[in-house]
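Quick look at structure-v3.cif (mmCIF, C-alpha atoms (C1' of nucleotides)):
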data_start
loop_
_atom_site.label_atom_id
_atom_site.label_comp_id
_atom_site.auth_asym_id
_atom_site.auth_seq_id
_atom_site.Cartn_x
_atom_site.Cartn_y
_atom_site.Cartn_z
CA MET A 1 -4.19 24.56 -26.02
CA SER A 2 -6.06 22.30 -28.47
CA SER A 3 -9.24 24.24 -29.10
CA PRO A 4 -12.31 22.38 -30.45
CA ASP A 5 -13.40 25.48 -32.37
CA THR A 6 -12.20 24.13 -35.66
CA GLY A 7 -15.44 23.26 -37.40
CA PRO A 8 -19.05 24.36 -37.33
CA PRO A 9 -20.94 23.79 -34.05
CA ALA A 10 -23.17 21.26 -35.82
CA SER A 11 -22.50 18.37 -33.47
CA ALA A 12 -21.29 20.27 -30.44
CA VAL A 13 -23.73 18.57 -28.10
CA THR A 14 -22.87 15.15 -29.45
CA ASP A 15 -19.17 15.85 -29.10
CA THR A 16 -19.62 16.99 -25.54
CA SER A 17 -21.71 14.02 -24.46
CA ARG A 18 -19.35 11.62 -26.23
CA ARG A 19 -16.44 13.11 -24.34
CA ALA A 20 -18.40 12.93 -21.10
CA ALA A 21 -19.33 9.31 -21.73
CA VAL A 22 -15.72 8.42 -22.41
CA LEU A 23 -14.68 10.16 -19.21
CA ASP A 24 -17.30 8.24 -17.27
CA ALA A 25 -16.04 4.95 -18.63
CA ALA A 26 -12.49 6.04 -17.89
CA MET A 27 -13.27 6.90 -14.28
CA VAL A 28 -15.05 3.59 -13.72
CA THR A 29 -11.97 1.80 -15.04
CA PHE A 30 -9.53 3.92 -13.06
CA ALA A 31 -11.60 3.34 -9.94
CA ARG A 32 -11.69 -0.41 -10.54
CA PHE A 33 -8.00 -1.01 -11.15
CA GLY A 34 -6.25 2.12 -9.90
CA TYR A 35 -4.40 4.62 -12.06
CA ARG A 36 -1.24 2.66 -12.64
CA LYS A 37 -2.79 -0.69 -13.48
CA THR A 38 -5.30 0.81 -15.88
CA SER A 39 -4.23 0.70 -19.51
CA MET A 40 -5.42 3.01 -22.25
CA GLU A 41 -6.52 -0.14 -24.06
CA GLU A 42 -8.81 -1.03 -21.19
CA VAL A 43 -10.30 2.43 -21.05
CA ALA A 44 -10.86 2.42 -24.81
CA ARG A 45 -12.59 -0.96 -24.55
CA ALA A 46 -14.81 0.33 -21.72
CA ALA A 47 -15.64 3.43 -23.75
CA ARG A 48 -16.20 1.32 -26.87
CA ILE A 49 -13.79 3.28 -29.01
CA SER A 50 -10.38 2.47 -30.41
CA ARG A 51 -7.21 3.25 -28.54
CA PRO A 52 -5.98 5.71 -31.20
CA GLY A 53 -9.42 7.27 -31.00
CA LEU A 54 -8.90 7.71 -27.28
CA TYR A 55 -5.59 9.43 -27.98
CA PHE A 56 -7.41 11.65 -30.42
CA LEU A 57 -9.64 12.84 -27.57
CA PHE A 58 -6.98 13.03 -24.86
CA ALA A 59 -3.32 13.68 -25.38
CA SER A 60 -2.07 11.28 -22.72
CA LYS A 61 -3.10 8.99 -19.91
CA GLU A 62 -2.43 11.75 -17.41
CA ALA A 63 -4.60 14.21 -19.30
CA LEU A 64 -7.35 11.61 -19.47
CA PHE A 65 -7.25 11.01 -15.74
CA ARG A 66 -7.19 14.71 -14.99
CA ALA A 67 -10.21 15.28 -17.22
CA ALA A 68 -12.10 12.34 -15.74
CA ALA A 69 -11.48 13.40 -12.16
CA THR A 70 -12.30 17.00 -12.95
CA GLN A 71 -15.59 15.99 -14.52
CA VAL A 72 -16.57 14.01 -11.43
CA LEU A 73 -15.74 16.81 -9.03
CA GLU A 74 -17.33 19.51 -11.16
CA ARG A 75 -20.46 17.44 -11.70
CA ASP A 76 -20.84 16.87 -7.97
CA LEU A 77 -20.29 20.53 -7.16
CA VAL A 78 -22.95 21.52 -9.68
CA ALA A 79 -25.36 19.00 -8.16
CA VAL A 80 -24.64 20.37 -4.69
CA GLU A 81 -25.15 23.91 -5.92
CA HIS A 82 -28.52 23.05 -7.46
CA VAL A 83 -29.74 21.22 -4.37
CA LEU A 84 -28.81 24.07 -2.08
CA ALA A 85 -30.35 26.68 -4.38
CA ASP A 86 -33.84 25.18 -4.04
CA THR A 87 -34.78 27.42 -1.13
CA GLY A 88 -38.33 26.11 -1.19
CA ARG A 89 -37.16 23.04 0.71
CA PRO A 90 -36.17 23.04 4.39
CA LEU A 91 -32.49 23.72 4.98
CA PRO A 92 -31.74 20.44 6.81
CA ASP A 93 -33.11 18.45 3.87
CA ARG A 94 -31.05 20.38 1.38
CA LEU A 95 -27.92 20.00 3.47
CA ALA A 96 -28.43 16.26 3.87
CA GLU A 97 -28.84 15.86 0.13
CA ALA A 98 -25.84 18.08 -0.56
CA PHE A 99 -23.60 15.93 1.62
CA ASP A 100 -25.12 12.84 0.08
CA GLN A 101 -24.17 14.06 -3.38
CA TRP A 102 -20.72 15.08 -2.29
CA ALA A 103 -19.80 12.11 -0.11
CA GLY A 104 -22.66 9.71 0.59
CA ARG A 105 -23.02 8.49 -2.96
CA TYR A 106 -19.48 7.15 -2.83
CA ILE A 107 -20.00 4.88 0.16
CA GLY A 108 -20.80 1.53 -1.49
CA PRO A 109 -18.16 -1.15 -2.15
CA LEU A 110 -17.89 -0.22 -5.83
CA ALA A 111 -18.40 3.52 -5.57
CA ARG A 112 -15.80 3.85 -2.81
CA ASP A 113 -12.96 3.45 -5.29
CA VAL A 114 -13.83 6.67 -7.12
CA PRO A 115 -12.84 9.16 -4.41
CA GLU A 116 -10.08 6.79 -3.42
CA VAL A 117 -8.35 6.82 -6.78
CA ILE A 118 -8.86 10.56 -7.05
CA GLY A 119 -7.52 11.18 -3.58
CA ALA A 120 -4.63 8.79 -4.07
CA ASN A 121 -3.21 10.73 -7.03
CA PRO A 122 -3.20 14.37 -6.02
CA GLY A 123 -0.12 15.00 -8.11
CA LEU A 124 -2.05 14.29 -11.30
CA LEU A 125 -4.87 16.64 -10.41
CA GLY A 126 -3.09 19.93 -9.86
CA GLU A 127 -5.22 22.72 -8.48
CA MET A 128 -8.51 20.85 -8.46
CA ALA A 129 -7.37 18.74 -5.51
CA GLU A 130 -7.48 21.79 -3.27
CA THR A 131 -10.06 24.04 -4.90
CA ALA A 132 -12.90 21.50 -5.04
CA PRO A 133 -13.14 20.95 -1.27
CA ARG A 134 -12.79 24.70 -0.81
CA ARG A 135 -15.68 25.37 -3.15
CA PHE A 136 -17.79 22.79 -1.35
CA GLU A 137 -17.08 24.48 1.97
CA GLU A 138 -18.10 27.80 0.45
CA LEU A 139 -21.37 26.41 -0.87
CA ILE A 140 -22.32 24.93 2.50
CA THR A 141 -21.29 28.07 4.34
CA ASP A 142 -23.31 30.29 2.03
CA ALA A 143 -26.38 28.11 2.34
CA LEU A 144 -26.13 28.28 6.12
CA ALA A 145 -25.48 32.01 6.20
CA ALA A 146 -28.34 32.78 3.82
CA GLU A 147 -30.95 30.97 5.84
CA THR A 148 -29.95 31.23 9.48
CA GLY A 149 -28.06 34.46 9.06
CA GLN A 150 -25.52 33.16 11.52
CA GLU A 151 -22.10 34.58 11.73
CA ALA A 152 -21.17 31.13 12.95
CA ALA A 153 -22.04 29.76 9.51
CA LEU A 154 -18.42 28.99 8.67
CA ALA A 155 -17.83 27.18 11.95
CA VAL A 156 -20.99 25.13 11.51
CA ALA A 157 -20.11 24.30 7.92
CA ARG A 158 -16.62 23.17 8.86
CA THR A 159 -17.93 21.03 11.68
CA MET A 160 -20.47 19.41 9.39
CA ILE A 161 -17.78 18.70 6.83
CA SER A 162 -15.49 17.13 9.44
CA THR A 163 -18.39 15.04 10.64
CA SER A 164 -19.14 13.86 7.12
CA ILE A 165 -15.50 12.91 6.59
CA GLY A 166 -15.54 10.91 9.80
CA LEU A 167 -18.79 9.24 8.81
CA LYS A 168 -17.39 8.39 5.42
CA HIS A 169 -14.73 6.38 7.19
CA GLN A 170 -17.12 4.80 9.67
CA ALA A 171 -20.17 4.10 7.54
CA PRO A 172 -20.57 0.60 6.09
CA THR A 173 -23.53 1.71 3.99
CA ARG A 174 -24.94 4.86 2.46
CA GLU A 175 -28.01 4.54 4.68
CA PHE A 176 -25.88 4.50 7.82
CA PHE A 177 -24.04 7.56 6.56
CA LEU A 178 -27.25 9.42 5.82
CA ALA A 179 -28.94 8.55 9.09
CA ARG A 180 -26.01 9.69 11.21
CA LEU A 181 -25.51 12.75 9.06
CA LYS A 182 -29.12 13.87 9.46
CA THR A 183 -28.77 13.55 13.22
CA ALA A 184 -25.62 15.65 13.14
CA ILE A 185 -27.28 18.30 10.97
CA SER A 186 -30.26 18.65 13.26
CA LEU A 187 -27.98 18.85 16.31
CA LEU A 188 -25.86 21.54 14.66
CA LEU A 189 -28.82 23.63 13.44
CA ARG A 190 -30.65 23.78 16.77
CA PRO A 191 -29.28 27.01 18.35
CA MET B 1 -0.38 -19.25 30.23
CA SER B 2 2.96 -18.13 31.68
CA SER B 3 1.93 -16.69 35.00
CA PRO B 4 4.29 -14.31 36.80
CA ASP B 5 3.11 -15.59 40.19
CA THR B 6 6.14 -17.78 40.64
CA GLY B 7 8.10 -15.95 43.29
CA PRO B 8 7.43 -13.52 46.11
CA PRO B 9 5.87 -10.17 45.14
CA ALA B 10 9.08 -8.44 46.12
CA SER B 11 9.66 -6.75 42.77
CA ALA B 12 6.13 -6.77 41.42
CA VAL B 13 6.16 -3.06 40.70
CA THR B 14 9.51 -3.28 39.01
CA ASP B 15 8.34 -6.22 36.92
CA THR B 16 5.25 -4.38 35.84
CA SER B 17 7.04 -1.20 34.89
CA ARG B 18 9.74 -3.18 33.08
CA ARG B 19 7.09 -4.90 31.03
CA ALA B 20 5.40 -1.60 30.35
CA ALA B 21 8.66 0.01 29.31
CA VAL B 22 9.40 -2.84 26.94
CA LEU B 23 5.92 -2.51 25.47
CA ASP B 24 6.45 1.21 24.98
CA ALA B 25 9.70 0.60 23.16
CA ALA B 26 8.01 -2.09 21.10
CA MET B 27 5.15 0.17 20.07
CA VAL B 28 7.53 2.95 19.06
CA THR B 29 9.42 0.49 16.88
CA PHE B 30 6.26 -1.05 15.41
CA ALA B 31 4.96 2.43 14.66
CA ARG B 32 8.22 3.45 13.00
CA PHE B 33 8.67 0.47 10.70
CA GLY B 34 5.30 -1.26 10.62
CA TYR B 35 4.52 -4.69 12.02
CA ARG B 36 6.07 -6.81 9.29
CA LYS B 37 9.33 -4.94 8.90
CA THR B 38 9.97 -4.77 12.63
CA SER B 39 12.23 -7.54 13.91
CA MET B 40 12.33 -8.86 17.44
CA GLU B 41 16.00 -7.96 17.42
CA GLU B 42 15.14 -4.33 16.77
CA VAL B 43 12.53 -4.27 19.53
CA ALA B 44 14.98 -5.88 21.94
CA ARG B 45 17.60 -3.27 21.05
CA ALA B 46 15.07 -0.45 21.58
CA ALA B 47 14.06 -1.97 24.92
CA ARG B 48 17.71 -2.52 25.86
CA ILE B 49 17.28 -6.19 26.59
CA SER B 50 18.42 -9.31 24.77
CA ARG B 51 16.29 -11.01 22.18
CA PRO B 52 15.93 -14.21 24.22
CA GLY B 53 15.00 -11.98 27.13
CA LEU B 54 12.25 -10.52 25.00
CA TYR B 55 11.00 -14.01 24.24
CA PHE B 56 11.04 -14.67 27.94
CA LEU B 57 8.57 -11.82 28.42
CA PHE B 58 6.43 -12.46 25.34
CA ALA B 59 5.85 -15.77 23.69
CA SER B 60 5.87 -14.48 20.11
CA LYS B 61 5.99 -11.42 17.94
CA GLU B 62 2.21 -11.51 17.62
CA ALA B 63 1.75 -11.69 21.39
CA LEU B 64 4.16 -8.79 21.79
CA PHE B 65 2.26 -6.63 19.34
CA ARG B 66 -1.06 -7.53 20.90
CA ALA B 67 0.24 -6.60 24.34
CA ALA B 68 1.76 -3.33 23.11
CA ALA B 69 -1.38 -2.24 21.30
CA THR B 70 -3.56 -3.26 24.22
CA GLN B 71 -1.44 -1.23 26.61
CA VAL B 72 -1.76 1.86 24.42
CA LEU B 73 -5.53 1.56 24.10
CA GLU B 74 -6.09 0.73 27.74
CA ARG B 75 -3.83 3.54 28.89
CA ASP B 76 -5.70 6.05 26.75
CA LEU B 77 -9.07 4.82 27.93
CA VAL B 78 -7.97 5.16 31.55
CA ALA B 79 -6.74 8.70 30.85
CA VAL B 80 -10.07 9.55 29.22
CA GLU B 81 -11.95 8.08 32.14
CA HIS B 82 -9.99 10.13 34.65
CA VAL B 83 -10.38 13.36 32.72
CA LEU B 84 -14.12 12.91 32.38
CA ALA B 85 -14.51 11.97 36.05
CA ASP B 86 -13.21 15.35 37.25
CA THR B 87 -16.68 16.89 37.44
CA GLY B 88 -15.28 20.04 38.99
CA ARG B 89 -14.23 21.20 35.54
CA PRO B 90 -16.65 22.43 32.87
CA LEU B 91 -17.94 19.68 30.59
CA PRO B 92 -16.63 21.21 27.33
CA ASP B 93 -13.11 21.37 28.75
CA ARG B 94 -13.24 17.77 29.88
CA LEU B 95 -14.59 16.62 26.53
CA ALA B 96 -11.92 18.48 24.61
CA GLU B 97 -9.21 16.92 26.74
CA ALA B 98 -10.79 13.49 26.44
CA PHE B 99 -10.74 13.68 22.64
CA ASP B 100 -7.23 15.06 22.78
CA GLN B 101 -6.09 12.03 24.77
CA TRP B 102 -7.94 9.62 22.55
CA ALA B 103 -7.10 11.11 19.14
CA GLY B 104 -5.40 14.51 19.25
CA ARG B 105 -2.20 13.26 20.80
CA TYR B 106 -1.63 11.07 17.76
CA ILE B 107 -1.70 13.85 15.20
CA GLY B 108 2.00 14.68 14.82
CA PRO B 109 4.20 13.23 12.05
CA LEU B 110 5.78 10.69 14.42
CA ALA B 111 2.79 9.98 16.62
CA ARG B 112 0.54 9.35 13.65
CA ASP B 113 2.09 5.97 13.00
CA VAL B 114 0.87 4.55 16.30
CA PRO B 115 -2.86 4.43 15.54
CA GLU B 116 -1.95 3.63 11.96
CA VAL B 117 -0.05 0.47 12.77
CA ILE B 118 -2.70 -0.55 15.27
CA GLY B 119 -5.50 0.12 12.83
CA ALA B 120 -3.67 -1.58 9.98
CA ASN B 121 -3.44 -4.92 11.79
CA PRO B 122 -6.88 -5.61 13.20
CA GLY B 123 -6.39 -9.33 12.77
CA LEU B 124 -3.63 -9.34 15.38
CA LEU B 125 -5.69 -7.47 17.94
CA GLY B 126 -8.74 -9.66 18.28
CA GLU B 127 -11.54 -8.24 20.38
CA MET B 128 -9.75 -5.06 21.42
CA ALA B 129 -10.12 -3.63 17.93
CA GLU B 130 -13.87 -3.35 18.40
CA THR B 131 -14.28 -3.01 22.14
CA ALA B 132 -11.96 -0.05 22.64
CA PRO B 133 -13.89 2.36 20.38
CA ARG B 134 -17.09 1.08 21.94
CA ARG B 135 -15.82 1.79 25.42
CA PHE B 136 -14.76 5.27 24.36
CA GLU B 137 -18.23 5.95 22.98
CA GLU B 138 -19.71 4.78 26.27
CA LEU B 139 -17.47 7.05 28.31
CA ILE B 140 -18.36 10.11 26.23
CA THR B 141 -22.04 9.25 26.26
CA ASP B 142 -22.09 8.80 30.02
CA ALA B 143 -20.28 12.08 30.61
CA LEU B 144 -22.81 13.87 28.42
CA ALA B 145 -25.80 12.14 29.98
CA ALA B 146 -24.61 12.80 33.53
CA GLU B 147 -24.20 16.51 33.05
CA THR B 148 -26.79 17.63 30.53
CA GLY B 149 -29.21 14.84 31.34
CA GLN B 150 -30.03 14.63 27.67
CA GLU B 151 -31.62 11.64 26.18
CA ALA B 152 -29.83 12.76 23.04
CA ALA B 153 -26.51 12.04 24.76
CA LEU B 154 -25.77 9.06 22.53
CA ALA B 155 -26.50 11.01 19.36
CA VAL B 156 -24.32 13.89 20.48
CA ALA B 157 -21.51 11.54 21.48
CA ARG B 158 -21.62 9.76 18.14
CA THR B 159 -21.61 13.02 16.23
CA MET B 160 -18.64 14.28 18.23
CA ILE B 161 -16.78 11.06 17.57
CA SER B 162 -17.45 11.24 13.84
CA THR B 163 -16.30 14.85 13.86
CA SER B 164 -13.11 13.93 15.66
CA ILE B 165 -12.42 11.16 13.14
CA GLY B 166 -12.89 13.60 10.29
CA LEU B 167 -10.64 16.12 12.00
CA LYS B 168 -8.00 13.49 12.54
CA HIS B 169 -7.84 13.10 8.78
CA GLN B 170 -7.94 16.82 8.07
CA ALA B 171 -5.73 18.25 10.78
CA PRO B 172 -2.10 18.95 9.94
CA THR B 173 -1.32 19.74 13.58
CA ARG B 174 -2.63 18.92 17.02
CA GLU B 175 -3.46 22.59 17.55
CA PHE B 176 -5.63 22.65 14.43
CA PHE B 177 -7.37 19.52 15.63
CA LEU B 178 -8.01 20.96 19.10
CA ALA B 179 -9.22 24.32 17.86
CA ARG B 180 -11.74 22.83 15.46
CA LEU B 181 -12.79 20.24 17.99
CA LYS B 182 -13.53 22.86 20.65
CA THR B 183 -15.68 24.73 18.16
CA ALA B 184 -17.58 21.55 17.36
CA ILE B 185 -18.07 20.76 21.03
CA SER B 186 -19.48 24.17 21.84
CA LEU B 187 -21.79 24.00 18.82
CA LEU B 188 -23.04 20.57 19.85
CA LEU B 189 -23.57 21.47 23.50
CA ARG B 190 -25.61 24.63 22.89
CA PRO B 191 -29.24 23.36 22.92
"C1'" DA C 1 15.32 -13.22 35.86
"C1'" DC C 2 17.77 -12.58 32.91
"C1'" DT C 3 22.43 -12.49 29.06
"C1'" DA C 4 25.34 -14.59 25.57
"C1'" DT C 5 25.80 -17.69 22.09
"C1'" DA C 6 24.20 -20.86 18.85
"C1'" DC C 7 21.12 -23.22 15.59
"C1'" DA C 8 17.39 -25.15 12.37
"C1'" DA C 9 13.57 -23.88 9.64
"C1'" DA C 10 11.21 -20.54 7.42
"C1'" DG C 11 10.73 -16.31 5.27
"C1'" DT C 12 12.28 -12.19 2.72
"C1'" DA C 13 15.16 -9.13 -0.26
"C1'" DG C 14 17.97 -8.44 -4.11
"C1'" DG C 15 19.32 -9.17 -8.49
"C1'" DC C 16 18.77 -11.05 -12.95
"C1'" DT C 17 16.75 -12.42 -17.26
"C1'" DC C 18 13.17 -12.90 -20.61
"C1'" DA C 19 8.61 -12.28 -22.22
"C1'" DA C 20 4.72 -9.44 -22.33
"C1'" DT C 21 2.50 -5.21 -21.88
"C1'" DT C 22 1.95 -0.37 -22.48
"C1'" DT C 23 2.63 4.21 -24.17
"C1'" DG C 24 2.61 7.35 -27.64
"C1'" DT C 25 2.84 8.03 -32.63
"C1'" DA C 26 2.28 7.09 -37.51
"C1'" DT C 27 -0.05 5.70 -41.61
"C1'" DA C 28 -3.69 4.23 -44.52
"C1'" DG C 29 -8.62 3.82 -44.90
"C1'" DT C 30 -13.59 5.18 -44.54
"C1'" DA D 1 -13.99 12.26 -36.79
"C1'" DC D 2 -12.90 8.52 -36.32
"C1'" DT D 3 -11.06 2.81 -37.01
"C1'" DA D 4 -7.62 -0.68 -38.06
"C1'" DT D 5 -3.10 -1.91 -38.12
"C1'" DA D 6 1.51 -1.40 -37.04
"C1'" DC D 7 5.77 -0.03 -34.62
"C1'" DA D 8 9.73 1.72 -31.54
"C1'" DA D 9 10.92 2.66 -26.95
"C1'" DA D 10 10.14 2.21 -22.39
"C1'" DT D 11 7.99 0.06 -18.50
"C1'" DT D 12 6.41 -3.73 -16.13
"C1'" DG D 13 5.64 -8.58 -14.49
"C1'" DA D 14 6.93 -13.46 -13.92
"C1'" DG D 15 9.98 -16.58 -12.63
"C1'" DC D 16 14.07 -18.08 -10.45
"C1'" DC D 17 18.02 -18.22 -7.82
"C1'" DT D 18 21.04 -16.96 -3.95
"C1'" DA D 19 22.24 -14.60 0.16
"C1'" DC D 20 20.66 -12.71 4.04
"C1'" DT D 21 17.47 -12.09 7.79
"C1'" DT D 22 14.22 -13.54 11.09
"C1'" DT D 23 11.70 -16.52 14.13
"C1'" DG D 24 11.49 -19.43 17.77
"C1'" DT D 25 14.04 -22.57 20.76
"C1'" DA D 26 17.89 -24.50 23.30
"C1'" DT D 27 21.79 -24.49 26.26
"C1'" DA D 28 25.14 -22.77 29.39
"C1'" DG D 29 26.25 -19.07 32.46
"C1'" DT D 30 25.59 -15.44 36.14
#
Let's see the structure in the file written out as structure tokens.
Amino acid sequence: MSSPDTGPPASAVTDTSRRAAVLDAAMVTFARFGYRKTSMEEVARAARISRPGLYFLFASKEALFRAAATQVLERDLVAVEHVLADTGRPLPDRLAEAFDQWAGRYIGPLARDVPEVIGANPGLLGEMAETAPRRFEELITDALAAETGQEAALAVARTMISTSIGLKHQAPTREFFLARLKTAISLLLRP
Amino acid sequence: MSSPDTGPPASAVTDTSRRAAVLDAAMVTFARFGYRKTSMEEVARAARISRPGLYFLFASKEALFRAAATQVLERDLVAVEHVLADTGRPLPDRLAEAFDQWAGRYIGPLARDVPEVIGANPGLLGEMAETAPRRFEELITDALAAETGQEAALAVARTMISTSIGLKHQAPTREFFLARLKTAISLLLRP
DNA sequence: ACTATACAAAGTAGGCTCAATTTGTATAGT
DNA sequence: ACTATACAAATTGAGCCTACTTTGTATAGT
């Protein structure tokens, strides 16, 4: 719809990082107070811009939330992709770090609210709510299939993902999560 | 406090099963409406006794809930124990059925509310809230250790439990849960 | 070993109003 | 490519009151 290709690409990088910074501030605020109780004023304050300026960047509160959540998910998927692509490292290490990026990093008392507020408002996210977990499953499956050549790669990937979801609910700390996850990975990679 | 050892044991069995039936009706009602919005009147109606009669059996709403939740947890643990004790059957089958009794049976749209209402009111449960999962972990660990003799039995048990918790959140149906769980079990029992 | 009826004290829901907040837009300025 | 200020319309929250429900107990009856 609203294309940013209006002027010269002089400050394209600046524009992009400004947008990203605003989205970061927005997600922190959404995570802290929840979608409903977060006002555009509060987001603007957190992003250190004016409220009209915020509306200049994002057409509505919904669009802002969608963009913020999308950035988080996309960023994490890219991180996972990069970690898994580094085939110089042992597979178990790469898998552990991939799950840490995808889930472990959101274990703490503050960080927990991020996936919570995203998961609590699937209606605002549209497709992303379903495609992101699917893409993650694909990335894990491919990494497993590439290395171990298993045809059980999908089954192993799905089991690991279920385990990580369970651990996310059980783990009081990121360290707990990671320790248990590494155990699970080594148990599932043995055969 | 109120001991039932007042008269002859003539109708002890009847007493016990009456109590159990009342507790079943109570748990169904608690699960349907939640603890707060469930009235003693409603429980009495579901149990087909009078409200004063209900107070004759249980001193308070809290005591009633505690007893109902305890019965559910204890009943499931006994079922798990029995299933695992039948060493004539293959270990994977027994494990799958154990997890089905403990978690899978609560997957459906109606059944889901039971663990939910129990989990949502840990303050009313006291010790049971922590000891029951611990006892389940012990039962699974012992079954694994007895058969496979592993010293990794605890790690395998914990991984299976985490997987089952994740699956409980993912699974739309009991069949989905069971299918994925069986895959996980066979993957974790291979080495 | 209960049921039926009744009751006080406490808690909860519903409705209602008014003030405050919030959204989205506009306008003028830099 | 923004900020500052302002504004209408809609939503929300606070406070308050009243009516109803609920808890726990008591009492009489079978």
Show me, as a tab-separated table, the residues of chain A having an atom within 8 Å of chain B, each with the closest atom pair and its distance in Å, using only C-alpha atoms.
residue	atom	partner	partner_atom	distance
A:Ala155	CA	B:Thr183	CA	7.0
A:Val156	CA	B:Leu187	CA	7.4
A:Thr159	CA	B:Ala184	CA	5.7
A:Met160	CA	B:Thr163	CA	7.6
A:Ile161	CA	B:Gly166	CA	7.9
A:Ser162	CA	B:Gly166	CA	4.5
A:Thr163	CA	B:Thr163	CA	3.8
A:Ser164	CA	B:Gly166	CA	7.0
A:Ile165	CA	B:Gly166	CA	4.6
A:Gly166	CA	B:Gly166	CA	3.8
A:Leu167	CA	B:Ser162	CA	5.6
A:His169	CA	B:Ile165	CA	8.0
A:Gln170	CA	B:Ser162	CA	7.7
A:Arg180	CA	B:Thr159	CA	7.5
A:Thr183	CA	B:Ala155	CA	7.0
A:Ala184	CA	B:Thr159	CA	5.7
A:Leu187	CA	B:Leu188	CA	6.3
A:Leu188	CA	B:Leu188	CA	6.0
A:Arg190	CA	B:Pro191	CA	6.3
A:Pro191	CA	B:Pro191	CA	5.8
The PyMOL selection byres ((chain D) within 9 of (chain B)) - which residues does that actually catch in the file I just gave you? List them as a CSV table (one decimal) with C-alpha atoms (C1' of nucleotides), in the frame of the given file.
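Below is the file that was written, selection.csv:
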chain,number,residue,atom,x,y,z
D,22,DT,C1',14.2,-13.5,11.1
D,23,DT,C1',11.7,-16.5,14.1
D,24,DG,C1',11.5,-19.4,17.8
* To do: Write out as a list in words each polymer residue whose atoms come within 10 Å of DT27 (chain D), counting all atoms listed in the file; drop sequence neighbours fewer than 2 positions from it.
  => DT5 and DA6 of chain C; DT25 and DG29 of chain D
* So how many Å separate CA of Glu74 (chain B) and CA of Leu125 (chain B), to one decimal? -> 12.8 Å
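Straight-line separation from C1' of DA9 (chain D) to C1' of DT22 (chain C): 10.5 Å.
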* What does the distance from CA of Arg66 (chain B) to CA of Glu137 (chain B) come to in Å, to one decimal? ->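 Between these atoms lies a distance of 21.9 Å.
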* **Who sits within 10 Å of region 11-18 of chain C, all atoms listed in the file, same chain under 5 positions skipped, as a list in words** => Lys37 of chain B; DA14, DG15, DC16, DC17, DT18, DA19, DC20, DT21, DT22 and DT23 of chain D
* To do: Compute the chain C side of the contact with chain B at 9 Å, counting all atoms listed in the file, and hand it back as a list of chain:residue names.
  =>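 Within 9 Å of chain B on chain C, we get C:DA1, C:DC2, C:DT3, C:DA4.
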Could region 20-31 of chain B be completed with N, CA and C atoms and written as a PDB file, in the frame of the given file, please?
ATOM      1  N   ALA B  20       6.010  -2.753  30.988  1.00  0.00           N
ATOM      2  CA  ALA B  20       5.400  -1.600  30.350  1.00  0.00           C
ATOM      3  C   ALA B  20       6.411  -0.833  29.509  1.00  0.00           C
ATOM      4  N   ALA B  21       7.624  -0.717  30.047  1.00  0.00           N
ATOM      5  CA  ALA B  21       8.660   0.010  29.310  1.00  0.00           C
ATOM      6  C   ALA B  21       9.030  -0.728  28.030  1.00  0.00           C
ATOM      7  N   VAL B  22       9.116  -2.041  28.134  1.00  0.00           N
ATOM      8  CA  VAL B  22       9.400  -2.840  26.940  1.00  0.00           C
ATOM      9  C   VAL B  22       8.285  -2.668  25.908  1.00  0.00           C
ATOM     10  N   LEU B  23       7.056  -2.675  26.383  1.00  0.00           N
ATOM     11  CA  LEU B  23       5.920  -2.510  25.470  1.00  0.00           C
ATOM     12  C   LEU B  23       5.944  -1.138  24.812  1.00  0.00           C
ATOM     13  N   ASP B  24       6.343  -0.132  25.576  1.00  0.00           N
ATOM     14  CA  ASP B  24       6.450   1.210  24.980  1.00  0.00           C
ATOM     15  C   ASP B  24       7.488   1.219  23.871  1.00  0.00           C
ATOM     16  N   ALA B  25       8.649   0.658  24.175  1.00  0.00           N
ATOM     17  CA  ALA B  25       9.700   0.600  23.160  1.00  0.00           C
ATOM     18  C   ALA B  25       9.233  -0.185  21.943  1.00  0.00           C
ATOM     19  N   ALA B  26       8.522  -1.267  22.205  1.00  0.00           N
ATOM     20  CA  ALA B  26       8.010  -2.090  21.100  1.00  0.00           C
ATOM     21  C   ALA B  26       7.055  -1.299  20.225  1.00  0.00           C
ATOM     22  N   MET B  27       6.139  -0.569  20.854  1.00  0.00           N
ATOM     23  CA  MET B  27       5.150   0.170  20.070  1.00  0.00           C
ATOM     24  C   MET B  27       5.817   1.266  19.241  1.00  0.00           C
ATOM     25  N   VAL B  28       6.801   1.932  19.821  1.00  0.00           N
ATOM     26  CA  VAL B  28       7.530   2.950  19.060  1.00  0.00           C
ATOM     27  C   VAL B  28       8.161   2.326  17.819  1.00  0.00           C
ATOM     28  N   THR B  29       8.751   1.159  18.006  1.00  0.00           N
ATOM     29  CA  THR B  29       9.420   0.490  16.880  1.00  0.00           C
ATOM     30  C   THR B  29       8.398   0.007  15.848  1.00  0.00           C
ATOM     31  N   PHE B  30       7.320  -0.610  16.325  1.00  0.00           N
ATOM     32  CA  PHE B  30       6.260  -1.050  15.410  1.00  0.00           C
ATOM     33  C   PHE B  30       5.713   0.130  14.618  1.00  0.00           C
ATOM     34  N   ALA B  31       5.517   1.253  15.318  1.00  0.00           N
ATOM     35  CA  ALA B  31       4.960   2.430  14.660  1.00  0.00           C
ATOM     36  C   ALA B  31       5.924   2.953  13.594  1.00  0.00           C
TER      37      ALA B  31
END
